[in-house]
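Trainee: To start, I am sharing the structure in question, which I have written as structure tokens.
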Amino acid sequence: MLPEYAMPMQGLLGGIMIGLAAAVMLLGTGRIAGVSGMVARAAGISGEGAPRLVAAAFVIGLPLGALLIAAVAGPVETRFPSSVLTLLVGGFVVGIGTRMGSGCTSGHGVCGVSRLSPRSLVATATFMLTGVATVTAMNALEVTW
């Protein structure tokens with residue numbers, strides 16, 4: 001029996017929707033739907049990528065889509081560290097990683113892997129292995145949120 005927090009049908013539906021959105025973005029604009037690249041373009045940090053207005057619409061649509069789903073299906077339980085400093089440091093480290101890795105999990109993991117990009121395959125394997133190592137270490141240290 002699955003734990004109550006496991007939601008396989010919702011995960012499947014969400015995965016299909018993410019895949020469709022990535023395909024529409026690639027076919028419609030010829031650009032990869034990587035969130036870090038879109039944020040950088042929308043913020044004016046990067047001069048490359050989708051047109052700035054498209055990038056801004058994409059970034060604004062992320063929280064609006066989450067709010068829409070919450071309004072329709074009810075709130076989703078989330079857990080975050082209680083320390084704002086932990087969130088800020090974590091976000092900063094992720095930002096550095098996305099710049100060093102030329103993309104984020106959405107760009108590499110969804111779009112790059114589906115195109116069998118060697119760079120994205122290596123990046124995604126690195127994300128996954130690092131995630132497993134982090135969770136293993138946190139469990140061993142009995143860190144809880």
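Residue numbers start at 1 in each chain; chains themselves are named A, B, ... in the order of the structure tokens; ligands are numbered from 1 in the order shown.
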Mind checking DSSP for range 83-125 of chain A and telling me the alpha helix (DSSP H) residues as a PyMOL selection string?
Mentor: chain A and resi 84-100+105+113-114+118-125
Trainee: Could you turn the residues from that selection into a file that holds C-alpha atoms, as a PDB file, in the first residue's frame?
Mentor:
ATOM      1  CA  VAL A  84      15.122  31.822   6.188  1.00  0.00           C
ATOM      2  CA  LEU A  85      18.929  31.819   6.092  1.00  0.00           C
ATOM      3  CA  THR A  86      18.902  28.134   5.088  1.00  0.00           C
ATOM      4  CA  LEU A  87      16.490  28.908   2.236  1.00  0.00           C
ATOM      5  CA  LEU A  88      18.575  31.868   1.057  1.00  0.00           C
ATOM      6  CA  VAL A  89      21.856  29.948   1.143  1.00  0.00           C
ATOM      7  CA  GLY A  90      20.233  26.978  -0.587  1.00  0.00           C
ATOM      8  CA  GLY A  91      18.800  29.210  -3.305  1.00  0.00           C
ATOM      9  CA  PHE A  92      22.160  30.913  -3.794  1.00  0.00           C
ATOM     10  CA  VAL A  93      23.983  27.578  -4.098  1.00  0.00           C
ATOM     11  CA  VAL A  94      21.379  26.295  -6.580  1.00  0.00           C
ATOM     12  CA  GLY A  95      21.774  29.499  -8.596  1.00  0.00           C
ATOM     13  CA  ILE A  96      25.534  29.040  -8.764  1.00  0.00           C
ATOM     14  CA  GLY A  97      25.051  25.427  -9.813  1.00  0.00           C
ATOM     15  CA  THR A  98      22.659  26.335 -12.605  1.00  0.00           C
ATOM     16  CA  ARG A  99      25.109  28.864 -14.013  1.00  0.00           C
ATOM     17  CA  MET A 100      28.034  26.428 -13.750  1.00  0.00           C
ATOM     18  CA  THR A 105      16.886  20.479 -13.562  1.00  0.00           C
ATOM     19  CA  VAL A 113      17.214  14.243 -21.564  1.00  0.00           C
ATOM     20  CA  SER A 114      14.235  13.992 -23.921  1.00  0.00           C
ATOM     21  CA  PRO A 118      24.961  14.102 -23.663  1.00  0.00           C
ATOM     22  CA  ARG A 119      25.562  17.197 -21.522  1.00  0.00           C
ATOM     23  CA  SER A 120      22.041  16.952 -20.095  1.00  0.00           C
ATOM     24  CA  LEU A 121      22.341  13.228 -19.439  1.00  0.00           C
ATOM     25  CA  VAL A 122      25.507  13.856 -17.394  1.00  0.00           C
ATOM     26  CA  ALA A 123      23.964  16.861 -15.613  1.00  0.00           C
ATOM     27  CA  THR A 124      20.797  14.951 -14.735  1.00  0.00           C
ATOM     28  CA  ALA A 125      22.777  11.961 -13.446  1.00  0.00           C
TER      29      ALA A 125
END
Trainee: Name all residues at most 12 Å from range 10-24 of chain A (count only C-alpha atoms; drop same-chain ones fewer than 3 positions away) and give them as a PDB file with C-alpha atoms, in the first residue's frame.
Mentor:
ATOM      1  CA  TYR A   5       1.460  11.414   0.591  1.00  0.00           C
ATOM      2  CA  ALA A   6       2.192   9.328  -2.527  1.00  0.00           C
ATOM      3  CA  MET A   7       0.018  10.661  -5.328  1.00  0.00           C
ATOM      4  CA  LEU A  27       8.094  23.651 -31.153  1.00  0.00           C
ATOM      5  CA  GLY A  28       6.581  27.133 -30.791  1.00  0.00           C
ATOM      6  CA  THR A  29       9.705  29.166 -30.085  1.00  0.00           C
ATOM      7  CA  GLY A  30      12.589  26.816 -30.791  1.00  0.00           C
ATOM      8  CA  ARG A  31      13.773  27.402 -27.215  1.00  0.00           C
ATOM      9  CA  ILE A  32      14.234  25.082 -24.235  1.00  0.00           C
ATOM     10  CA  ALA A  33      11.848  25.596 -21.304  1.00  0.00           C
ATOM     11  CA  GLY A  34      14.528  25.769 -18.614  1.00  0.00           C
ATOM     12  CA  VAL A  35      13.372  27.772 -15.616  1.00  0.00           C
ATOM     13  CA  PHE A  58       6.641  31.881 -18.445  1.00  0.00           C
ATOM     14  CA  GLY A  61       2.813  31.600 -15.114  1.00  0.00           C
ATOM     15  CA  LEU A  62       4.673  29.279 -12.737  1.00  0.00           C
ATOM     16  CA  GLY A  65      -0.429  27.813 -12.358  1.00  0.00           C
ATOM     17  CA  ALA A  66       0.271  26.579  -8.833  1.00  0.00           C
ATOM     18  CA  ILE A  69      -4.263  24.070  -9.150  1.00  0.00           C
ATOM     19  CA  ALA A  73      -7.753  20.726  -6.138  1.00  0.00           C
ATOM     20  CA  VAL A  76      -0.782  21.031  -1.307  1.00  0.00           C
ATOM     21  CA  SER A 106      14.001  21.462 -15.812  1.00  0.00           C
ATOM     22  CA  GLY A 107      16.207  22.444 -18.734  1.00  0.00           C
ATOM     23  CA  HIS A 108      18.509  19.443 -18.482  1.00  0.00           C
ATOM     24  CA  GLY A 109      16.209  16.878 -16.878  1.00  0.00           C
ATOM     25  CA  VAL A 110      13.047  17.449 -18.887  1.00  0.00           C
ATOM     26  CA  CYS A 111      14.156  19.039 -22.134  1.00  0.00           C
ATOM     27  CA  GLY A 112      17.759  17.883 -22.499  1.00  0.00           C
ATOM     28  CA  VAL A 113      17.214  14.243 -21.564  1.00  0.00           C
ATOM     29  CA  SER A 114      14.235  13.992 -23.921  1.00  0.00           C
ATOM     30  CA  ARG A 115      16.547  15.168 -26.725  1.00  0.00           C
TER      31      ARG A 115
END
Trainee: Pick out the closest residue to Arg52 in chain A from this set: A:Met38, A:Leu64, A:Pro81, A:Met128. Count only C-alpha atoms.
Mentor: A:Met38
Trainee: Write out as an MDAnalysis selection string the residues lying within 10 Å of Val54 in chain A, counting only C-alpha atoms and excluding same-chain residues fewer than 2 positions away.
Mentor: chainID A and resid 25 29 38 41:42 49:52 56:60
Trainee: Write the selection just made, keeping N, CA, C and O atoms, as a PDB file, in the first residue's frame?
Mentor:
ATOM      1  N   MET A  25       6.762  24.734 -26.007  1.00  0.00           N
ATOM      2  CA  MET A  25       7.793  25.779 -25.973  1.00  0.00           C
ATOM      3  C   MET A  25       8.848  25.530 -27.051  1.00  0.00           C
ATOM      4  O   MET A  25       9.219  26.438 -27.788  1.00  0.00           O
ATOM      5  N   THR A  29       8.699  28.098 -30.102  1.00  0.00           N
ATOM      6  CA  THR A  29       9.705  29.166 -30.085  1.00  0.00           C
ATOM      7  C   THR A  29      11.094  28.682 -30.480  1.00  0.00           C
ATOM      8  O   THR A  29      11.990  29.492 -30.676  1.00  0.00           O
ATOM      9  N   MET A  38      14.965  31.032 -18.181  1.00  0.00           N
ATOM     10  CA  MET A  38      13.812  31.937 -18.325  1.00  0.00           C
ATOM     11  C   MET A  38      13.852  33.053 -17.287  1.00  0.00           C
ATOM     12  O   MET A  38      13.570  34.209 -17.598  1.00  0.00           O
ATOM     13  N   ARG A  41      16.576  35.480 -18.269  1.00  0.00           N
ATOM     14  CA  ARG A  41      16.154  36.293 -19.409  1.00  0.00           C
ATOM     15  C   ARG A  41      15.107  37.314 -18.987  1.00  0.00           C
ATOM     16  O   ARG A  41      15.173  38.479 -19.358  1.00  0.00           O
ATOM     17  N   ALA A  42      14.113  36.893 -18.192  1.00  0.00           N
ATOM     18  CA  ALA A  42      13.059  37.802 -17.744  1.00  0.00           C
ATOM     19  C   ALA A  42      13.624  38.921 -16.873  1.00  0.00           C
ATOM     20  O   ALA A  42      13.166  40.065 -16.946  1.00  0.00           O
ATOM     21  N   GLY A  49      18.300  33.537 -25.314  1.00  0.00           N
ATOM     22  CA  GLY A  49      17.117  32.746 -24.985  1.00  0.00           C
ATOM     23  C   GLY A  49      15.869  33.304 -25.609  1.00  0.00           C
ATOM     24  O   GLY A  49      15.906  34.040 -26.588  1.00  0.00           O
ATOM     25  N   ALA A  50      14.760  32.941 -25.011  1.00  0.00           N
ATOM     26  CA  ALA A  50      13.450  33.355 -25.513  1.00  0.00           C
ATOM     27  C   ALA A  50      13.331  34.875 -25.447  1.00  0.00           C
ATOM     28  O   ALA A  50      14.035  35.529 -24.673  1.00  0.00           O
ATOM     29  N   PRO A  51      12.426  35.433 -26.243  1.00  0.00           N
ATOM     30  CA  PRO A  51      12.172  36.877 -26.099  1.00  0.00           C
ATOM     31  C   PRO A  51      11.812  37.207 -24.658  1.00  0.00           C
ATOM     32  O   PRO A  51      11.181  36.406 -23.954  1.00  0.00           O
ATOM     33  N   ARG A  52      12.211  38.378 -24.222  1.00  0.00           N
ATOM     34  CA  ARG A  52      12.050  38.734 -22.811  1.00  0.00           C
ATOM     35  C   ARG A  52      10.590  38.669 -22.355  1.00  0.00           C
ATOM     36  O   ARG A  52      10.299  38.237 -21.251  1.00  0.00           O
ATOM     37  N   ALA A  56       9.167  36.378 -19.376  1.00  0.00           N
ATOM     38  CA  ALA A  56       8.429  36.946 -18.250  1.00  0.00           C
ATOM     39  C   ALA A  56       7.081  36.258 -18.078  1.00  0.00           C
ATOM     40  O   ALA A  56       6.681  35.937 -16.950  1.00  0.00           O
ATOM     41  N   ALA A  57       6.383  36.004 -19.180  1.00  0.00           N
ATOM     42  CA  ALA A  57       5.096  35.309 -19.106  1.00  0.00           C
ATOM     43  C   ALA A  57       5.278  33.902 -18.535  1.00  0.00           C
ATOM     44  O   ALA A  57       4.479  33.439 -17.714  1.00  0.00           O
ATOM     45  N   PHE A  58       6.338  33.233 -18.941  1.00  0.00           N
ATOM     46  CA  PHE A  58       6.641  31.881 -18.445  1.00  0.00           C
ATOM     47  C   PHE A  58       6.866  31.918 -16.938  1.00  0.00           C
ATOM     48  O   PHE A  58       6.292  31.117 -16.192  1.00  0.00           O
ATOM     49  N   VAL A  59       7.690  32.855 -16.472  1.00  0.00           N
ATOM     50  CA  VAL A  59       8.020  32.945 -15.045  1.00  0.00           C
ATOM     51  C   VAL A  59       6.792  33.337 -14.220  1.00  0.00           C
ATOM     52  O   VAL A  59       6.552  32.770 -13.148  1.00  0.00           O
ATOM     53  N   ILE A  60       6.000  34.256 -14.716  1.00  0.00           N
ATOM     54  CA  ILE A  60       4.778  34.660 -14.001  1.00  0.00           C
ATOM     55  C   ILE A  60       3.774  33.512 -13.971  1.00  0.00           C
ATOM     56  O   ILE A  60       3.055  33.317 -12.992  1.00  0.00           O
TER      57      ILE A  60
END
Trainee: Which of these, A:Ile45, A:Leu68, A:Arg79, A:Leu53, has the shortest distance to Thr144 in chain A once you count only C-alpha atoms?
Mentor: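 Smallest distance to Thr144 in chain A is found for A:Arg79.
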